[in-house]
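Student: What follows is a structure written as structure tokens; I'll ask about it next.
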Amino acid sequence: MMIGILVLAIASILFWAVFLKFKLLRLTPGWIFGFSVFFIHLALIFVIGLRFVTPYSTNATMIQHTIQLIPRLSEPTLISEVLVEDNTPVKKGDPLFRFDRTIYEARVNQLKAQLAEAEQNVKVLQTNIDTADDQVEQAKAALAFSTTQANDYDILIEKGVGRLEQAIKWRDTVKGDTARVHAAEAEASVARLQYDSNIDGVHTSVAKLEADLQQARYYLDNTTLVAPEDGHVINLQVRPGMVSGILRIGGIAVLIAEENRYLLATFFQENLKYVMPGQYAEVALDLYPGQIFKGRVAGIWKANGQGQFLPSAEIPKFEAANPDNPQGQYAVKITIDDADQSKFPIGAQGSAAIYVDGDQGAWAALRKIAIRMRTWLAWLYPLNI
């Protein structure tokens with residue numbers, strides 16, 4: 001750069017001395033045109049150097065993460081209390097809104113009662129097994145007795161001393177007792193199946209109610225909506241008496257997070273040829289006329305929506321780009337080196353310069369002059385007096 005300045009200076013002095021001071025040659029349009037072409041081409045060094053060594057953006061915006069505050073409730077619920085004030089800092093875990101707890105407390109109490117009943121029913125199922133086993137034994141004893149009686153009458157009939165009617169009666173009794181044994185055994189099997197229905201050692205009826213109770217307690221706990229992290233709420237329009245709840249898209253407020261804020265500046269793609277993470281940067285925010293903030297390049301977002309095609313049945317149409325439309329740009333993420341990050345609120349706009357070779361050197365000096373001129377002009381522009 002210094003060589004270019006020196007050459008331009010020497011050429012200008014020679015032109016002045018030869019054609020204007022000593023008039024060694026007559027100044028003609030040809031000499032003027034030739035010197036102008038030489039001067040302009042040499043001056044391109046400064047344009048190229050500033051664009052690639054110290055890329056500059058006038059479209060820079062402070063970014064902060066936002067969290068949609070959406071009630072996690074099972075049904076529309078009345079907001080009973082608003083515990084946060086507009087644009088006031090809150091800490092993670094601070095209560096923000098309270099919802100009416102009546103229906104959720106009733107649901108928890110109802111499930112507690114059902115759970116206690118289910119646990120008692122499990123004990124009843126164990127008793128049912130014992131009862132069913134006793135009934136099986138009784139049926140087997142009755143079958144053994146009727147079988148003995150039928151056999152005895154069959155023997156008496158063979159000897160010619162028994163009555164056929166009694167033998168037939170006991171044979172029918174054996175069939176009935178056999179059916180009762182099978183029925184008792186089936187009832188005992190059903191009782192065991194009912195008792196043995198469990199998941200990880202817990203009866204299914206109890207496990208289901210425990211899961212329902214856990215869900216009911218979850219909704220009860222969420223009748224108080226707390227701050228998910230440090231931040232503040234702006235444009236607070238929530239008031240007691242509003243109804244909110246079941247729709248997951250039904251956000252009632254937004255929390256602006258305090259941590260991990262950064263500046264996002266857009267650059268023409270060719271200007272980022274030598275830009276890399278970690279390089280020194282300077283930021284001038286319109287919020288602070290006359291001030292420059294130091295920062296570092298945190299990353300380059302090498303992505304642009306112009307290169308995205310969404311799935312569809314349409315064949316893409318490729319046409320020549322309108323030269324009047326701005327070229328697609330890439331964004332650069334810049335973090336500002338300042339202990340008090342609260343000075344850089346969401347949406348604050350300004351300009352940013354990146355110094356590829358550090359903050360020393362002739363190119364850096366020229367860019368520093370340019371960005372400082374812009375921030376000082378912010379005292380006057382825009383003229384909104």
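Ordered as shown in the structure tokens, chains take letters A, B, and onward, while each chain numbers its residues from 1 and ligands are numbered from 1 in the order shown.
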For Ile252 in chain A, work out the shell of residues within 7 Å, counting only C-alpha atoms and skipping chain neighbours fewer than 5 positions away, then give it as a list of chain:residue names.
Tutor: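 Surrounding residues, per the criterion: A:Leu69, A:Ile70, A:Val238.
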Student: Print the selection's residues with C-alpha atoms to a file, as a tab-separated table (two decimals), in the first residue's frame.
Tutor:
```
chain	number	residue	atom	x	y	z
A	69	LEU	CA	-43.14	-18.97	27.05
A	70	ILE	CA	-45.85	-21.55	26.35
A	238	VAL	CA	-50.61	-11.02	29.98
```
Student: Need to verify the contact set: Leu83 in chain A, 12 Å, only C-alpha atoms, exclusion of same-chain residues closer than 4 positions in sequence. Can you return it as a compact mmCIF listing (two decimals) with C-alpha atoms, in the first residue's frame?
Tutor:
```
# COMPACT_ATOMS: atom_id res chain seq x y z
CA ILE A 79 -54.21 -17.12 34.67
CA THR A 88 -37.40 -6.28 34.36
CA VAL A 90 -35.41 -12.23 36.02
CA ASP A 94 -38.07 -17.20 39.09
CA PRO A 95 -41.89 -17.63 38.93
CA LEU A 96 -43.43 -15.62 36.11
CA PHE A 97 -47.10 -16.64 35.90
CA ARG A 98 -49.47 -18.69 38.05
CA PHE A 99 -52.49 -20.54 36.70
CA THR A 224 -46.51 -21.99 37.95
CA LEU A 225 -44.54 -20.97 34.85
CA VAL A 226 -40.92 -20.17 35.75
CA ALA A 227 -38.09 -18.48 33.83
CA VAL A 233 -39.69 -10.14 29.27
CA LEU A 236 -45.91 -8.00 28.57
CA VAL A 238 -50.61 -11.02 29.98
CA ARG A 239 -53.14 -10.13 32.65
CA PRO A 240 -54.96 -12.13 35.35
```
Student: Just checking: using only C-alpha atoms, which residue out of A:Ala353, A:Glu119, A:Gln306, A:Ile48 ends up closest to Val202 in chain A?
Tutor: A:Glu119
Student: Using only C-alpha atoms, which residues sit within 8 Å of Asp100 in chain A once same-chain residues fewer than 3 positions away are excluded, as a list in words?
Tutor: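 The residues satisfying every condition are Thr77, Leu78, Ile79, Ser80, Ile103 and Thr223 of chain A.
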Student: Run DSSP on the backbone of this structure and report the residues of range 189-248 of chain A it assigns to strand (DSSP E), as a ChimeraX atom specification.
Tutor: /A:198-199,202-203,224-226,231-233,243-244
Student: When you look at Leu220 in chain A with a cut-off of 10 Å (counting only C-alpha atoms), what residues show up, excluding the ones that are within fewer than 4 positions of it in the same chain? I need them as number ranges by chain.
Tutor: A: 72-74, 99-108, 214-216, 224
Student: With distances taken over only C-alpha atoms, which of A:Met276, A:Leu287, A:Ile63, A:Ala141 is nearest to Trp379 in chain A?
Tutor: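 Going through A:Met276, A:Leu287, A:Ile63, A:Ala141 one by one, the smallest distance to Trp379 in chain A is for A:Leu287.
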Student: Using only C-alpha atoms, determine which residues lie at most 9 Å from Pro289 in chain A, disregarding the query and same-chain residues fewer than 5 positions distant; provide the list as a PyMOL selection string.
Tutor: chain A and resi 284+374-379
Student: For those residues, write N, CA and C atoms to a file as a PDB file, in the first residue's frame.
Tutor:
```pdb
ATOM      1  N   ALA A 284     -19.331  -0.524  15.314  1.00  0.00           N
ATOM      2  CA  ALA A 284     -19.893   0.796  15.622  1.00  0.00           C
ATOM      3  C   ALA A 284     -21.401   0.657  15.628  1.00  0.00           C
ATOM      4  N   ARG A 374     -17.944   7.105  10.323  1.00  0.00           N
ATOM      5  CA  ARG A 374     -19.358   6.743  10.306  1.00  0.00           C
ATOM      6  C   ARG A 374     -19.984   6.878  11.687  1.00  0.00           C
ATOM      7  N   THR A 375     -19.298   6.429  12.715  1.00  0.00           N
ATOM      8  CA  THR A 375     -19.895   6.508  14.045  1.00  0.00           C
ATOM      9  C   THR A 375     -19.982   7.943  14.536  1.00  0.00           C
ATOM     10  N   TRP A 376     -19.034   8.807  14.122  1.00  0.00           N
ATOM     11  CA  TRP A 376     -19.140  10.205  14.515  1.00  0.00           C
ATOM     12  C   TRP A 376     -20.253  10.910  13.753  1.00  0.00           C
ATOM     13  N   LEU A 377     -20.486  10.523  12.503  1.00  0.00           N
ATOM     14  CA  LEU A 377     -21.593  11.102  11.744  1.00  0.00           C
ATOM     15  C   LEU A 377     -22.942  10.721  12.335  1.00  0.00           C
ATOM     16  N   ALA A 378     -22.958   9.632  13.144  1.00  0.00           N
ATOM     17  CA  ALA A 378     -24.208   9.221  13.771  1.00  0.00           C
ATOM     18  C   ALA A 378     -24.753  10.279  14.729  1.00  0.00           C
ATOM     19  N   TRP A 379     -23.906  11.208  15.150  1.00  0.00           N
ATOM     20  CA  TRP A 379     -24.390  12.316  15.975  1.00  0.00           C
ATOM     21  C   TRP A 379     -25.364  13.205  15.178  1.00  0.00           C
TER      22      TRP A 379
END
```
Student: Listing only residues of range 267-344 of chain A within 9 Å of range 356-364 of chain A, what is the closest atom pair and its distance in Å (to one decimal) for each, using only C-alpha atoms, sorted by chain and residue number ascending, as a tab-separated table?
Tutor:
```
residue	atom	partner	partner_atom	distance
A:Tyr274	CA	A:Val356	CA	6.6
A:Val275	CA	A:Val356	CA	6.0
A:Met276	CA	A:Val356	CA	7.8
A:Gln279	CA	A:Val356	CA	6.1
A:Tyr280	CA	A:Gly358	CA	5.8
A:Ala281	CA	A:Asp359	CA	8.2
```
Student: So, counting only C-alpha atoms, which residue among A:Val206, A:Ala144, A:Ala313, A:Val297 is closest to Ala331 in chain A?
Tutor: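 Under the stated criterion, the closest residue is A:Val297.
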Student: Would you please give, as a PyMOL selection string, all residues of range 208-262 of chain A that DSSP assigns to helix (DSSP H, G or I) based on the backbone?
Tutor: chain A and resi 208-221
Student: Output the selection as a PDB file, in the first residue's frame - N, CA and C atoms for each residue.
Tutor:
```pdb
ATOM      1  N   LYS A 208     -50.249 -48.173  35.918  1.00  0.00           N
ATOM      2  CA  LYS A 208     -51.001 -47.214  35.110  1.00  0.00           C
ATOM      3  C   LYS A 208     -51.405 -46.001  35.930  1.00  0.00           C
ATOM      4  N   LEU A 209     -51.903 -46.230  37.113  1.00  0.00           N
ATOM      5  CA  LEU A 209     -52.322 -45.113  37.950  1.00  0.00           C
ATOM      6  C   LEU A 209     -51.131 -44.301  38.442  1.00  0.00           C
ATOM      7  N   GLU A 210     -50.002 -44.961  38.698  1.00  0.00           N
ATOM      8  CA  GLU A 210     -48.803 -44.215  39.078  1.00  0.00           C
ATOM      9  C   GLU A 210     -48.359 -43.296  37.936  1.00  0.00           C
ATOM     10  N   ALA A 211     -48.435 -43.798  36.682  1.00  0.00           N
ATOM     11  CA  ALA A 211     -48.082 -42.966  35.527  1.00  0.00           C
ATOM     12  C   ALA A 211     -49.059 -41.803  35.374  1.00  0.00           C
ATOM     13  N   ASP A 212     -50.353 -42.084  35.547  1.00  0.00           N
ATOM     14  CA  ASP A 212     -51.348 -41.015  35.467  1.00  0.00           C
ATOM     15  C   ASP A 212     -51.129 -39.983  36.558  1.00  0.00           C
ATOM     16  N   LEU A 213     -50.783 -40.454  37.762  1.00  0.00           N
ATOM     17  CA  LEU A 213     -50.537 -39.535  38.874  1.00  0.00           C
ATOM     18  C   LEU A 213     -49.295 -38.685  38.601  1.00  0.00           C
ATOM     19  N   GLN A 214     -48.262 -39.303  38.030  1.00  0.00           N
ATOM     20  CA  GLN A 214     -47.050 -38.549  37.690  1.00  0.00           C
ATOM     21  C   GLN A 214     -47.364 -37.451  36.672  1.00  0.00           C
ATOM     22  N   GLN A 215     -48.168 -37.782  35.673  1.00  0.00           N
ATOM     23  CA  GLN A 215     -48.558 -36.786  34.680  1.00  0.00           C
ATOM     24  C   GLN A 215     -49.395 -35.682  35.318  1.00  0.00           C
ATOM     25  N   ALA A 216     -50.321 -36.047  36.193  1.00  0.00           N
ATOM     26  CA  ALA A 216     -51.163 -35.048  36.853  1.00  0.00           C
ATOM     27  C   ALA A 216     -50.313 -34.116  37.722  1.00  0.00           C
ATOM     28  N   ARG A 217     -49.319 -34.679  38.419  1.00  0.00           N
ATOM     29  CA  ARG A 217     -48.428 -33.834  39.218  1.00  0.00           C
ATOM     30  C   ARG A 217     -47.584 -32.918  38.333  1.00  0.00           C
ATOM     31  N   TYR A 218     -47.199 -33.422  37.147  1.00  0.00           N
ATOM     32  CA  TYR A 218     -46.455 -32.594  36.191  1.00  0.00           C
ATOM     33  C   TYR A 218     -47.274 -31.368  35.802  1.00  0.00           C
ATOM     34  N   TYR A 219     -48.539 -31.573  35.454  1.00  0.00           N
ATOM     35  CA  TYR A 219     -49.388 -30.447  35.086  1.00  0.00           C
ATOM     36  C   TYR A 219     -49.632 -29.533  36.280  1.00  0.00           C
ATOM     37  N   LEU A 220     -49.761 -30.111  37.466  1.00  0.00           N
ATOM     38  CA  LEU A 220     -49.957 -29.285  38.656  1.00  0.00           C
ATOM     39  C   LEU A 220     -48.732 -28.408  38.902  1.00  0.00           C
ATOM     40  N   ASP A 221     -47.539 -29.005  38.762  1.00  0.00           N
ATOM     41  CA  ASP A 221     -46.317 -28.217  38.940  1.00  0.00           C
ATOM     42  C   ASP A 221     -46.226 -27.089  37.913  1.00  0.00           C
TER      43      ASP A 221
END
```
Student: Can you tell me which residues surround His232 in chain A at a distance of at most 10 Å, considering only C-alpha atoms, apart from same-chain residues fewer than 4 positions away, and format the answer as a list in words?
Tutor: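 Listed by chain and then number, they are Thr66, Val84, Glu85, Asp86, Asn87, Thr88, Pro89, Val90, Lys91, Ala227, Val254, Leu255, Ile256, Ala257 and Glu258 of chain A.
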Student: Would you work out the distance separating CA of Asp286 in chain A from CA of Thr54 in chain A, expressed in Å to one decimal?
Tutor: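 CA of Thr54 in chain A lies 20.4 Å from CA of Asp286 in chain A.
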Student: Could you list, as a PyMOL selection string, every residue within 8 Å of Leu50 in chain A, counting only C-alpha atoms and ignoring same-chain residues fewer than 3 positions away?
Tutor: chain A and resi 46-47+53-55+363+366-367
Student: Between CA of Ala183 in chain A and CA of Glu117 in chain A, what distance in Å does the model show, to one decimal?
Tutor: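 One can read the CA of Ala183 in chain A to CA of Glu117 in chain A distance as 28.6 Å.
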